[in-house]
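Novice: Provided below: run-v2.cif, containing mmCIF, C-alpha atoms.
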data_model
loop_
_atom_site.label_atom_id
_atom_site.label_comp_id
_atom_site.auth_asym_id
_atom_site.auth_seq_id
_atom_site.Cartn_x
_atom_site.Cartn_y
_atom_site.Cartn_z
CA MET U 1 -33.15 11.52 8.98
CA SER U 2 -34.42 8.68 6.84
CA ALA U 3 -32.46 5.44 6.58
CA SER U 4 -32.15 5.44 2.81
CA LYS U 5 -30.93 9.03 2.77
CA THR U 6 -28.31 8.15 5.40
CA LEU U 7 -27.14 5.25 3.28
CA PHE U 8 -27.07 6.88 -0.14
CA ARG U 9 -25.99 10.47 0.44
CA GLY U 10 -22.33 9.37 0.54
CA PHE U 11 -22.47 8.35 -3.10
CA TRP U 12 -23.12 11.77 -4.58
CA HIS U 13 -24.56 14.62 -2.51
CA GLU U 14 -22.15 14.17 0.38
CA ASN U 15 -19.46 12.13 -1.35
CA PRO U 16 -16.47 12.22 1.05
CA ILE U 17 -13.94 13.02 -1.66
CA PHE U 18 -15.79 15.19 -4.15
CA ARG U 19 -18.29 16.97 -1.89
CA LEU U 20 -16.88 16.91 1.63
CA LEU U 21 -13.27 16.99 0.41
CA LEU U 22 -12.19 14.79 3.31
CA GLY U 23 -9.55 12.07 3.31
CA LEU U 24 -7.65 13.65 0.44
CA CYS U 25 -4.23 12.37 1.52
CA PRO U 26 -4.97 8.71 0.65
CA ALA U 27 -7.24 9.80 -2.18
CA LEU U 28 -4.40 11.57 -3.94
CA ALA U 29 -1.58 9.25 -2.91
CA VAL U 30 -2.80 5.74 -3.69
CA THR U 31 -5.03 6.28 -6.72
CA THR U 32 -2.46 5.38 -9.37
CA SER U 33 -4.74 2.52 -10.45
CA VAL U 34 -8.35 1.39 -10.03
CA GLU U 35 -7.24 -1.67 -8.08
CA ASN U 36 -5.32 0.38 -5.50
CA GLY U 37 -8.27 2.76 -5.18
CA ILE U 38 -10.75 -0.03 -4.53
CA GLY U 39 -8.42 -1.80 -2.08
CA MET U 40 -7.82 1.38 -0.08
CA GLY U 41 -11.51 2.27 -0.25
CA LEU U 42 -12.68 -1.08 1.07
CA ALA U 43 -10.09 -1.06 3.86
CA SER U 44 -11.29 2.41 4.89
CA THR U 45 -14.92 1.30 4.65
CA PHE U 46 -14.26 -1.53 7.05
CA VAL U 47 -12.58 0.78 9.55
CA LEU U 48 -15.31 3.38 9.16
CA LEU U 49 -18.06 0.80 9.70
CA CYS U 50 -16.40 -0.62 12.81
CA SER U 51 -15.54 2.75 14.32
CA ASN U 52 -19.06 4.11 13.67
CA THR U 53 -20.53 1.02 15.34
CA ILE U 54 -18.36 1.24 18.45
CA VAL U 55 -18.61 5.02 18.76
CA SER U 56 -22.40 4.88 18.47
CA LEU U 57 -22.66 2.07 21.04
CA LEU U 58 -20.38 3.93 23.45
CA ARG U 59 -21.87 7.37 22.85
CA ASP U 60 -23.23 7.57 26.40
CA PHE U 61 -20.15 5.98 27.94
CA ILE U 62 -17.46 8.18 26.39
CA PRO U 63 -17.19 11.47 28.31
CA LYS U 64 -17.27 14.53 26.05
CA LYS U 65 -13.97 15.90 27.27
CA VAL U 66 -11.94 12.83 26.30
CA ARG U 67 -13.94 11.79 23.26
CA ILE U 68 -11.26 12.59 20.68
CA PRO U 69 -8.60 10.36 22.32
CA ALA U 70 -11.27 7.68 22.80
CA TYR U 71 -12.24 7.82 19.10
CA ILE U 72 -8.60 7.71 18.05
CA VAL U 73 -7.97 4.60 20.19
CA VAL U 74 -10.98 2.89 18.61
CA ILE U 75 -9.97 3.88 15.06
CA ALA U 76 -6.29 3.02 15.54
CA SER U 77 -7.22 -0.43 16.89
CA PHE U 78 -9.35 -1.24 13.85
CA VAL U 79 -6.68 0.06 11.48
CA THR U 80 -4.13 -2.23 13.14
CA ILE U 81 -6.54 -5.15 12.74
CA VAL U 82 -7.01 -4.35 9.02
CA ASP U 83 -3.24 -4.07 8.62
CA LEU U 84 -2.58 -7.46 10.25
CA VAL U 85 -5.40 -9.31 8.48
CA MET U 86 -4.46 -7.85 5.11
CA HIS U 87 -0.82 -8.75 5.65
CA ALA U 88 -1.80 -12.32 6.46
CA TYR U 89 -4.42 -12.98 3.79
CA PHE U 90 -4.02 -10.36 1.02
CA PHE U 91 -0.25 -10.26 0.77
CA GLU U 92 0.04 -8.68 -2.70
CA LEU U 93 -2.47 -5.92 -1.99
CA HIS U 94 -0.79 -5.27 1.34
CA LYS U 95 2.51 -4.87 -0.47
CA SER U 96 1.18 -2.16 -2.78
CA LEU U 97 -0.89 -0.33 -0.12
CA GLY U 98 1.27 -1.19 2.88
CA LEU U 99 2.61 2.28 3.49
CA PHE U 100 -0.84 3.88 3.43
CA ILE U 101 -2.81 1.51 5.63
CA PRO U 102 -1.53 2.93 8.95
CA LEU U 103 -2.42 6.37 7.60
CA ILE U 104 -6.12 5.47 7.66
CA VAL U 105 -5.90 6.44 11.35
CA VAL U 106 -5.47 10.07 10.42
CA ASN U 107 -8.01 9.95 7.60
CA CYS U 108 -10.33 12.87 8.37
CA ILE U 109 -13.41 11.12 7.07
CA ILE U 110 -13.32 8.49 9.81
CA LEU U 111 -12.85 10.84 12.74
CA GLY U 112 -15.23 13.25 11.03
CA ARG U 113 -18.05 10.69 10.85
CA ALA U 114 -17.42 9.57 14.44
CA GLU U 115 -17.62 13.14 15.68
CA ALA U 116 -20.35 14.51 13.44
CA PHE U 117 -22.63 11.50 13.08
CA ALA U 118 -21.99 8.28 14.98
CA SER U 119 -21.65 9.96 18.38
CA ARG U 120 -25.08 11.58 17.97
CA ASN U 121 -27.12 8.83 16.35
CA PRO U 122 -28.45 5.36 17.25
CA LEU U 123 -26.64 2.23 16.09
CA PRO U 124 -28.66 1.35 12.93
CA LEU U 125 -28.21 4.84 11.45
CA ALA U 126 -24.52 4.88 12.39
CA ILE U 127 -24.00 1.57 10.59
CA LEU U 128 -25.82 2.80 7.48
CA ASP U 129 -23.78 6.00 7.57
CA GLY U 130 -20.54 3.99 7.83
CA ILE U 131 -21.45 1.77 4.88
CA GLY U 132 -22.73 4.63 2.73
CA MET U 133 -19.83 6.97 3.40
CA GLY U 134 -17.33 4.13 3.04
CA LEU U 135 -18.69 2.98 -0.29
CA GLY U 136 -18.93 6.60 -1.44
CA PHE U 137 -15.27 7.00 -0.53
CA THR U 138 -14.45 3.78 -2.41
CA LEU U 139 -16.39 5.00 -5.43
CA GLY U 140 -14.51 8.30 -5.34
CA LEU U 141 -11.11 6.55 -5.08
CA ALA U 142 -12.00 4.12 -7.88
CA THR U 143 -13.13 6.97 -10.16
CA LEU U 144 -9.99 8.97 -9.46
CA GLY U 145 -7.87 5.84 -9.94
CA GLY U 146 -9.74 5.01 -13.15
CA VAL U 147 -9.12 8.40 -14.73
CA ARG U 148 -5.45 8.34 -13.74
CA GLU U 149 -4.83 4.74 -14.79
CA LEU U 150 -6.63 5.23 -18.11
CA LEU U 151 -4.70 8.37 -19.05
CA GLY U 152 -1.43 7.56 -17.30
CA SER U 153 -0.95 3.91 -18.27
CA GLY U 154 -3.60 3.39 -20.96
CA THR U 155 -5.07 0.51 -18.97
CA LEU U 156 -8.09 -0.17 -16.74
CA LEU U 157 -7.80 -2.78 -13.99
CA GLY U 158 -4.50 -3.78 -15.61
CA MET U 159 -6.05 -4.49 -19.03
CA SER U 160 -4.92 -2.49 -22.02
CA VAL U 161 -7.61 -0.14 -23.33
CA PHE U 162 -5.94 1.99 -25.99
CA GLY U 163 -3.50 -0.65 -27.26
CA ASP U 164 0.25 -0.37 -27.66
CA GLY U 165 0.01 2.69 -29.92
CA TYR U 166 -1.05 4.93 -27.04
CA PRO U 167 1.78 6.89 -25.46
CA PRO U 168 0.76 7.09 -21.77
CA ALA U 169 0.51 10.54 -20.22
CA LEU U 170 2.96 9.64 -17.49
CA VAL U 171 2.21 12.76 -15.45
CA MET U 172 -1.23 11.39 -14.60
CA ILE U 173 0.15 8.60 -12.41
CA LEU U 174 2.72 10.89 -10.81
CA PRO U 175 1.67 13.10 -7.87
CA PRO U 176 0.77 16.17 -10.00
CA GLY U 177 -1.63 14.00 -11.99
CA ALA U 178 -3.59 13.32 -8.82
CA PHE U 179 -4.29 17.03 -8.43
CA LEU U 180 -5.09 17.45 -12.12
CA ALA U 181 -7.54 14.54 -12.15
CA MET U 182 -9.08 15.69 -8.86
CA GLY U 183 -9.55 19.24 -10.15
CA MET U 184 -11.13 18.08 -13.39
CA LEU U 185 -13.51 15.72 -11.59
CA LEU U 186 -14.52 18.42 -9.09
CA ALA U 187 -15.15 20.90 -11.89
CA GLY U 188 -17.20 18.31 -13.77
CA MET U 189 -19.27 17.52 -10.71
CA ASN U 190 -19.92 21.19 -9.99
CA ARG U 191 -20.95 21.71 -13.60
CA LEU U 192 -23.46 18.85 -13.44
CA GLU U 193 -24.89 20.14 -10.18
CA GLU U 194 -25.11 23.65 -11.57
CA ARG U 195 -27.07 22.48 -14.62
CA ARG U 196 -29.38 20.47 -12.43
CA ALA U 197 -30.01 23.52 -10.23
CA ILE U 198 -30.70 25.78 -13.20
CA ARG U 199 -33.13 23.28 -14.64
CA ALA U 200 -34.92 23.12 -11.30
CA GLY U 201 -34.99 26.90 -11.16
CA GLU U 202 -32.72 27.13 -8.11
CA VAL U 203 -29.67 29.23 -7.47
CA TYR U 204 -26.56 27.03 -7.39
CA SER U 205 -23.86 27.47 -4.81
CA PRO U 206 -21.02 24.99 -4.29
CA PRO U 207 -21.39 22.70 -1.26
CA ARG U 208 -20.81 24.51 1.98
CA GLU U 209 -18.38 21.77 3.00
CA MET U 210 -15.96 23.22 0.49
CA ASP U 211 -15.78 26.19 2.79
CA CYS U 212 -13.56 25.54 5.79
CA GLY U 213 -15.83 27.66 8.00
CA SER U 214 -18.31 24.82 8.22
CA CYS U 215 -15.88 21.99 9.03
CA VAL U 216 -16.97 20.24 12.22
CA LEU U 217 -13.47 19.60 13.51
CA CYS U 218 -12.83 23.32 13.79
CA LYS U 219 -15.68 23.66 16.25
CA LEU U 220 -14.30 21.40 18.95
CA ASP U 221 -14.13 24.13 21.59
CA GLU U 222 -17.70 25.13 20.98
CA ASN U 223 -18.87 21.55 21.46
CA ILE U 224 -17.04 21.16 24.75
CA LYS U 225 -18.68 24.27 26.18
CA SER U 226 -22.18 23.15 25.26
CA MET V 227 -10.98 15.63 41.10
CA LYS V 228 -13.75 13.07 40.96
CA GLU V 229 -14.54 14.06 37.40
CA THR V 230 -10.90 13.80 36.34
CA LEU V 231 -10.69 10.34 37.84
CA ASN V 232 -13.83 9.31 36.01
CA LEU V 233 -12.41 10.56 32.69
CA ALA V 234 -9.14 8.73 33.24
CA LEU V 235 -10.84 5.51 34.27
CA ARG V 236 -13.16 5.41 31.29
CA LEU V 237 -10.37 6.17 28.85
CA ALA V 238 -8.19 3.51 30.50
CA LEU V 239 -11.01 0.99 30.20
CA ILE V 240 -11.40 1.69 26.47
CA CYS V 241 -7.64 1.34 25.99
CA ALA V 242 -7.57 -1.93 27.95
CA VAL V 243 -10.32 -3.46 25.82
CA ALA V 244 -8.58 -2.30 22.65
CA ALA V 245 -5.27 -3.77 23.84
CA LEU V 246 -6.89 -7.13 24.59
CA ALA V 247 -8.55 -7.25 21.17
CA LEU V 248 -5.29 -6.37 19.43
CA ALA V 249 -3.37 -9.02 21.35
CA GLN V 250 -5.90 -11.63 20.21
CA ILE V 251 -5.76 -10.60 16.55
CA ASP V 252 -1.96 -10.46 16.64
CA GLY V 253 -1.87 -14.01 17.96
CA LEU V 254 -4.24 -15.22 15.25
CA THR V 255 -2.45 -13.57 12.34
CA ARG V 256 1.16 -14.12 13.35
CA GLU V 257 1.47 -17.53 11.71
CA PRO V 258 -0.37 -16.69 8.47
CA ILE V 259 1.81 -13.58 8.09
CA ALA V 260 5.02 -15.56 8.54
CA ALA V 261 3.71 -18.18 6.08
CA ALA V 262 2.82 -15.52 3.51
CA GLU V 263 6.27 -13.89 3.84
CA ALA V 264 8.00 -17.25 3.46
CA ARG V 265 5.85 -18.13 0.43
CA ALA V 266 6.64 -14.82 -1.25
CA GLN V 267 10.35 -15.36 -0.63
CA ARG V 268 10.22 -18.91 -2.01
CA GLU V 269 8.38 -17.65 -5.12
CA ALA V 270 11.12 -15.10 -5.68
CA VAL V 271 13.86 -17.73 -5.27
CA LYS V 272 12.06 -20.07 -7.66
CA ALA V 273 11.77 -17.30 -10.23
CA VAL V 274 15.50 -16.62 -10.40
CA LEU V 275 16.93 -20.16 -10.12
CA PRO V 276 16.95 -22.94 -12.73
CA ALA V 277 14.76 -25.95 -11.91
CA PHE V 278 15.76 -27.63 -8.64
CA ALA V 279 14.45 -30.41 -6.44
CA GLU V 280 15.78 -29.34 -3.09
CA LEU V 281 16.49 -25.94 -1.61
CA VAL V 282 19.30 -25.37 0.86
CA ILE V 283 19.37 -22.17 2.87
CA ASP V 284 22.70 -20.94 4.25
CA THR V 285 22.90 -17.99 6.58
CA LEU V 286 26.44 -16.64 6.75
CA SER V 287 27.44 -13.95 9.17
CA THR V 288 29.83 -11.39 7.74
CA ASP V 289 31.27 -8.07 8.94
CA THR V 290 28.24 -6.21 7.55
CA GLY V 291 25.56 -8.49 8.95
CA GLU V 292 23.93 -11.73 7.94
CA VAL V 293 23.69 -12.83 4.32
CA VAL V 294 21.34 -15.58 3.20
CA TYR V 295 22.15 -17.82 0.24
CA TYR V 296 19.57 -20.13 -1.33
CA SER V 297 21.13 -23.04 -3.22
CA GLY V 298 19.00 -25.16 -5.55
CA LEU V 299 20.04 -28.82 -5.70
CA GLN V 300 19.10 -31.52 -8.19
CA ASN V 301 20.39 -35.07 -7.60
CA GLY V 302 22.96 -33.71 -5.19
CA ALA V 303 24.41 -31.25 -7.69
CA VAL V 304 24.02 -27.48 -7.31
CA THR V 305 21.92 -26.00 -10.14
CA GLY V 306 22.19 -22.43 -8.94
CA CYS V 307 22.49 -20.08 -6.02
CA ALA V 308 20.29 -17.09 -5.20
CA PHE V 309 20.92 -14.17 -2.88
CA THR V 310 19.43 -10.77 -2.18
CA ALA V 311 21.27 -7.51 -2.73
CA SER V 312 20.32 -3.88 -2.27
CA THR V 313 21.42 -0.42 -3.26
CA ARG V 314 20.58 3.16 -2.39
CA LEU V 315 21.72 4.55 -5.73
CA GLY V 316 18.15 4.50 -7.10
CA TYR V 317 15.95 7.47 -7.72
CA SER V 318 14.00 7.13 -4.51
CA GLY V 319 15.01 5.05 -1.52
CA LEU V 320 16.20 1.50 -1.25
CA ILE V 321 16.06 -0.99 -4.12
CA GLU V 322 16.20 -4.62 -3.08
CA ILE V 323 16.72 -7.36 -5.63
CA ILE V 324 17.25 -11.10 -5.69
CA VAL V 325 19.83 -12.55 -8.05
CA GLY V 326 20.25 -16.13 -9.21
CA VAL V 327 23.52 -17.47 -10.58
CA ASP V 328 24.44 -20.89 -11.99
CA PRO V 329 27.63 -22.75 -10.99
CA GLY V 330 29.33 -21.45 -14.15
CA GLY V 331 28.90 -17.88 -12.97
CA LYS V 332 26.16 -16.93 -15.43
CA VAL V 333 23.17 -14.95 -14.12
CA THR V 334 20.02 -17.06 -14.28
CA GLY V 335 17.52 -14.51 -13.05
CA VAL V 336 16.97 -11.16 -11.35
CA ARG V 337 13.79 -9.96 -9.68
CA ILE V 338 13.04 -6.74 -7.83
CA LEU V 339 11.74 -7.35 -4.33
CA ARG V 340 11.28 -3.78 -3.19
CA HIS V 341 11.55 -0.38 -4.78
CA ALA V 342 9.96 3.06 -4.78
CA GLU V 343 11.07 4.21 -8.24
CA THR V 344 9.00 6.53 -10.44
CA PRO V 345 5.90 4.74 -11.81
CA GLY V 346 6.06 4.48 -15.58
CA LEU V 347 9.83 5.08 -15.72
CA GLY V 348 12.14 3.38 -13.23
CA ALA V 349 9.32 1.19 -11.95
CA ASN V 350 9.18 -0.48 -15.38
CA TYR V 351 12.21 -2.53 -14.33
CA ALA V 352 9.94 -4.44 -11.96
CA ALA V 353 8.42 -6.20 -15.00
CA PRO V 354 10.29 -9.53 -15.53
CA LYS V 355 10.17 -8.97 -19.32
CA VAL V 356 12.20 -5.78 -19.00
CA LEU V 357 14.63 -7.24 -16.47
CA ASN V 358 15.27 -10.32 -18.61
CA ARG V 359 16.81 -8.10 -21.28
CA PHE V 360 18.92 -6.49 -18.59
CA TYR V 361 20.73 -9.58 -17.30
CA LYS V 362 20.35 -12.08 -20.14
CA ASP V 363 23.55 -14.00 -21.04
CA ARG V 364 25.70 -11.99 -18.66
CA GLU V 365 28.39 -13.17 -16.29
CA LEU V 366 27.82 -12.25 -12.65
CA ALA V 367 31.43 -11.17 -12.34
CA GLY V 368 31.21 -9.13 -15.55
CA ASP V 369 30.76 -5.44 -16.16
CA TRP V 370 27.38 -4.11 -14.95
CA LYS V 371 27.85 -0.48 -15.97
CA VAL V 372 25.14 1.00 -18.19
CA VAL V 373 25.91 2.18 -21.74
CA LYS V 374 25.90 5.82 -20.63
CA ASP V 375 28.76 5.09 -18.20
CA GLY V 376 30.71 3.23 -20.88
CA GLY V 377 29.48 -0.23 -19.91
CA PRO V 378 27.60 -2.88 -21.90
CA VAL V 379 24.20 -2.82 -20.14
CA ASP V 380 21.27 -1.25 -21.99
CA ALA V 381 19.14 0.79 -19.56
CA ILE V 382 15.58 1.91 -20.36
CA THR V 383 15.54 5.30 -22.05
CA GLY V 384 14.72 7.94 -19.46
CA ALA V 385 15.43 5.61 -16.55
CA THR V 386 19.20 5.46 -16.54
CA VAL V 387 19.46 6.16 -12.81
CA THR V 388 17.40 3.11 -11.88
CA GLY V 389 19.26 0.95 -14.39
CA ARG V 390 22.58 2.10 -12.97
CA ALA V 391 21.34 1.29 -9.45
CA ILE V 392 20.23 -2.22 -10.39
CA GLY V 393 23.55 -2.83 -12.11
CA ASP V 394 25.31 -1.64 -8.97
CA ALA V 395 23.25 -3.94 -6.76
CA ILE V 396 24.02 -6.94 -8.98
CA ALA V 397 27.73 -6.14 -9.07
CA THR V 398 27.94 -5.59 -5.30
CA GLY V 399 26.00 -8.77 -4.58
CA GLY V 400 28.18 -10.62 -7.08
CA ARG V 401 31.40 -9.56 -5.39
CA ARG V 402 30.02 -10.67 -2.04
CA TYR V 403 28.94 -13.99 -3.54
CA ALA V 404 32.38 -14.54 -5.03
CA ALA V 405 33.96 -13.94 -1.63
CA ASP V 406 31.50 -16.20 0.21
CA ARG V 407 31.31 -18.95 -2.38
CA ASP V 408 33.85 -21.28 -0.75
CA ARG V 409 32.01 -21.07 2.55
CA ILE V 410 28.63 -21.84 0.93
CA GLU V 411 29.91 -24.88 -0.93
CA ALA V 412 31.79 -26.21 2.08
CA ARG V 413 28.57 -26.51 4.05
CA PRO V 414 27.84 -29.78 5.82
CA ALA V 415 25.13 -31.82 4.11
CA ALA V 416 23.01 -31.69 7.28
CA THR V 417 21.88 -28.11 6.58
CA ALA V 418 19.60 -29.32 3.79
CA VAL V 419 16.44 -28.13 5.48
CA ASP V 420 13.91 -27.44 2.83
CA GLN V 421 12.51 -30.30 0.76
CA GLU V 422 10.74 -29.36 -2.45
CA LYS V 423 8.23 -31.75 -3.97
#
I need this file expressed as structure tokens, please.

Specialist:
Amino acid sequence: MSASKTLFRGFWHENPIFRLLLGLCPALAVTTSVENGIGMGLASTFVLLCSNTIVSLLRDFIPKKVRIPAYIVVIASFVTIVDLVMHAYFFELHKSLGLFIPLIVVNCIILGRAEAFASRNPLPLAILDGIGMGLGFTLGLATLGGVRELLGSGTLLGMSVFGDGYPPALVMILPPGAFLAMGMLLAGMNRLEERRAIRAGEVYSPPREMDCGSCVLCKLDENIKS
Amino acid sequence: MKETLNLALRLALICAVAALALAQIDGLTREPIAAAEARAQREAVKAVLPAFAELVIDTLSTDTGEVVYYSGLQNGAVTGCAFTASTRLGYSGLIEIIVGVDPGGKVTGVRILRHAETPGLGANYAAPKVLNRFYKDRELAGDWKVVKDGGPVDAITGATVTGRAIGDAIATGGRRYAADRDRIEARPAATAVDQEK
């Protein structure tokens, strides 16, 4: 697989949130504003980059049978490091994201990339994959946060957009708003892809990742046997 | 057997390296974290007290645990005293606030330190502008009931529960302050630990 494709596919074609539908817990929970989305996204990107690096380097050292616990130890260590460093140097951001940082450990996208990509590819590709997927995740969180902040508070990055006359649609920054915004964005993305496919004369089908049958994590037993 | 041992050893090695790395990072960040916490606390105290030159911190032990009082001093005279208070009457979890009071018993400031209230409704109280209206020109020992409960305090429309909770926290903290006041003011001068520029 080419380097540029590895780097850029996370932005659109395999965007973790909108195409792979992974890591939805933080995606829905923290995206009440653009700032929170970007902060969470960059923290996850850092963890993803580090875990991809280590997992790729150790791919011949980690025995297949204990690889999941090994990955989790690696991921949990980096999450703890992010938590400590953020607490020390980005106090305000840590205060608003604090609860969700430890949850990066169970973010599917990180374990998913370790299992599906980093453990099977050389270091340079694994690093590119970590950066690309991480930034794609950040982009997804920021978009989701932008839509919710704009409609729910009438602001973007804390600055007023619609002025004082705009009555904010409060529901958008409450939990149901996360699902509404997510659904609308997914529908919009599918529509764009569908039009592109029709123009190119192809038959459009939604990404196979939206079908649980193709999720890598469900195939653990198969992998152990092989 | 040999394979099992190999698995265990490799996993143990990974864990050991991870533990070492974490111990290092913990050692490096411990001081900055404590400094950041202390700075945040000092900011909060500054925000609720009138101008002061010197800050005195008193930790009193009571039946319910330790209570910390921050007294601002200017030229040896107390300009105000700040303390934290909390309540569980809010909409969602604990609300922790810090209250400042001048020697005459008038509230000089209230800030919310921690809350998990509904964004856009109860969470609006976290804005100093909104809170100012809440405590302005009120006596600490006065009535902190909201209008809906027959009191004088105007809560935000649609966020009465949070307003009631904040009022409760102020009143509870105020009663505790009134009871502890003699002990705070009887402190020996030697406890003046914190010099402000």

Novice: Could you please tell me, as a ChimeraX atom specification, which residues of chain V have an atom within 10 Å of chain U when using all atoms listed in the file?

Specialist: /V:229-230,232-234,236-241,243-245,247-252,254-263,265-266,340,344-347

Novice: Compile the contact shell of Ser318 of chain V as an NGL selection string: residues with an atom at most 9 Å away, counting only C-alpha atoms, same-chain residues fewer than 3 positions apart removed.

Specialist: :V and (314-315 or 321 or 341-344)

Novice: What is the atom CA of Lys355 of chain V to atom CA of Val274 of chain V distance in Å?

Specialist: 12.9 Å

Novice: Going by the chain IDs and residue numbers used in this file, which residues fall under the PyMOL selection byres ((chain U and resi 56) around 9)? Write them as a list in words.

Specialist: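 Applying the PyMOL selection byres ((chain U and resi 56) around 9) to the structure shown produces Ser51, Asn52, Thr53, Ile54, Val55, Leu57, Leu58, Arg59, Asp60, Ala114, Phe117, Ala118, Ser119, Arg120, Asn121, Pro122, Leu123, Ala126 and Ile127 of chain U.
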
Novice: Hey, can you spit out that residue selection with C-alpha atoms as a compact mmCIF listing (two decimals), in the coordinates of the input?

Specialist:
# COMPACT_ATOMS: atom_id res chain seq x y z
CA SER U 51 -15.54 2.75 14.32
CA ASN U 52 -19.06 4.11 13.67
CA THR U 53 -20.53 1.02 15.34
CA ILE U 54 -18.36 1.24 18.45
CA VAL U 55 -18.61 5.02 18.76
CA LEU U 57 -22.66 2.07 21.04
CA LEU U 58 -20.38 3.93 23.45
CA ARG U 59 -21.87 7.37 22.85
CA ASP U 60 -23.23 7.57 26.40
CA ALA U 114 -17.42 9.57 14.44
CA PHE U 117 -22.63 11.50 13.08
CA ALA U 118 -21.99 8.28 14.98
CA SER U 119 -21.65 9.96 18.38
CA ARG U 120 -25.08 11.58 17.97
CA ASN U 121 -27.12 8.83 16.35
CA PRO U 122 -28.45 5.36 17.25
CA LEU U 123 -26.64 2.23 16.09
CA ALA U 126 -24.52 4.88 12.39
CA ILE U 127 -24.00 1.57 10.59

Novice: Using only C-alpha atoms, which protein or nucleic acid residues come within 12 Å of Arg407 of chain V? Drop anything in the same chain fewer than 6 positions from it, and give the result as a PyMOL selection string.

Specialist: chain V and resi 284+286+293-297+306-309+327-329+331+399-401+413

Novice: To verify the selection step, state as an MDAnalysis selection string which residues the PyMOL selection byres ((chain V and resi 359-364) around 7) yields on this input.

Specialist: chainID V and resid 332:333 355:358 365:366 368 379:380

Novice: Of the candidates U:Leu150, U:Arg113, U:Leu103, U:Tyr166, which shows the shortest atom-to-atom distance to Met133 of chain U, using only C-alpha atoms?

Specialist: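 The closest residue to Met133 of chain U is U:Arg113.
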
Novice: To one decimal place, how far is atom CA of Thr334 of chain V from atom CA of Trp370 of chain V in Å?

Specialist: 14.9 Å

Novice: Which of these, V:Val282, V:Leu235, V:Val336, V:Leu320, has the shortest distance to Ala270 of chain V once you count all atoms listed in the file?

Specialist: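 For Ala270 of chain V, the nearest of the candidates is V:Val336.
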
Novice: Between atom CA of Leu22 of chain U and atom CA of Asn107 of chain U, what is the distance in Å, rounded to a tenth?

Specialist: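 Interatomic distance here is 7.7 Å.
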
Novice: Quick one: residues within 10 Å of segment 371-378 of chain V, only C-alpha atoms, excluding same-chain residues fewer than 6 positions away - as a ChimeraX atom specification?

Specialist: /V:360,364,386-387,389-394,397

Novice: Would you mind putting back N, CA and C atoms on segment 387-400 of chain V, then writing it out as a tab-separated table (two decimals), keeping the file's coordinate frame?

Specialist:
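The new file rebuild.tsv reads:
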chain	number	residue	atom	x	y	z
V	387	VAL	N	19.06	6.19	-14.22
V	387	VAL	CA	19.46	6.16	-12.81
V	387	VAL	C	19.08	4.82	-12.18
V	388	THR	N	17.85	4.38	-12.44
V	388	THR	CA	17.40	3.11	-11.88
V	388	THR	C	18.21	1.95	-12.45
V	389	GLY	N	18.47	2.00	-13.76
V	389	GLY	CA	19.26	0.95	-14.39
V	389	GLY	C	20.65	0.87	-13.79
V	390	ARG	N	21.24	2.03	-13.57
V	390	ARG	CA	22.58	2.10	-12.97
V	390	ARG	C	22.54	1.48	-11.57
V	391	ALA	N	21.47	1.80	-10.82
V	391	ALA	CA	21.34	1.29	-9.45
V	391	ALA	C	21.22	-0.23	-9.44
V	392	ILE	N	20.41	-0.77	-10.35
V	392	ILE	CA	20.23	-2.22	-10.39
V	392	ILE	C	21.55	-2.89	-10.76
V	393	GLY	N	22.23	-2.31	-11.74
V	393	GLY	CA	23.55	-2.83	-12.11
V	393	GLY	C	24.49	-2.83	-10.92
V	394	ASP	N	24.46	-1.75	-10.15
V	394	ASP	CA	25.31	-1.64	-8.97
V	394	ASP	C	24.97	-2.71	-7.95
V	395	ALA	N	23.67	-2.93	-7.74
V	395	ALA	CA	23.25	-3.94	-6.76
V	395	ALA	C	23.73	-5.32	-7.19
V	396	ILE	N	23.59	-5.63	-8.49
V	396	ILE	CA	24.02	-6.94	-8.98
V	396	ILE	C	25.52	-7.10	-8.79
V	397	ALA	N	26.27	-6.06	-9.16
V	397	ALA	CA	27.73	-6.14	-9.07
V	397	ALA	C	28.18	-6.30	-7.62
V	398	THR	N	27.57	-5.51	-6.72
V	398	THR	CA	27.94	-5.59	-5.30
V	398	THR	C	27.63	-6.97	-4.74
V	399	GLY	N	26.40	-7.45	-5.04
V	399	GLY	CA	26.00	-8.77	-4.58
V	399	GLY	C	26.91	-9.84	-5.16
V	400	GLY	N	27.31	-9.66	-6.41
V	400	GLY	CA	28.18	-10.62	-7.08
V	400	GLY	C	29.54	-10.71	-6.43
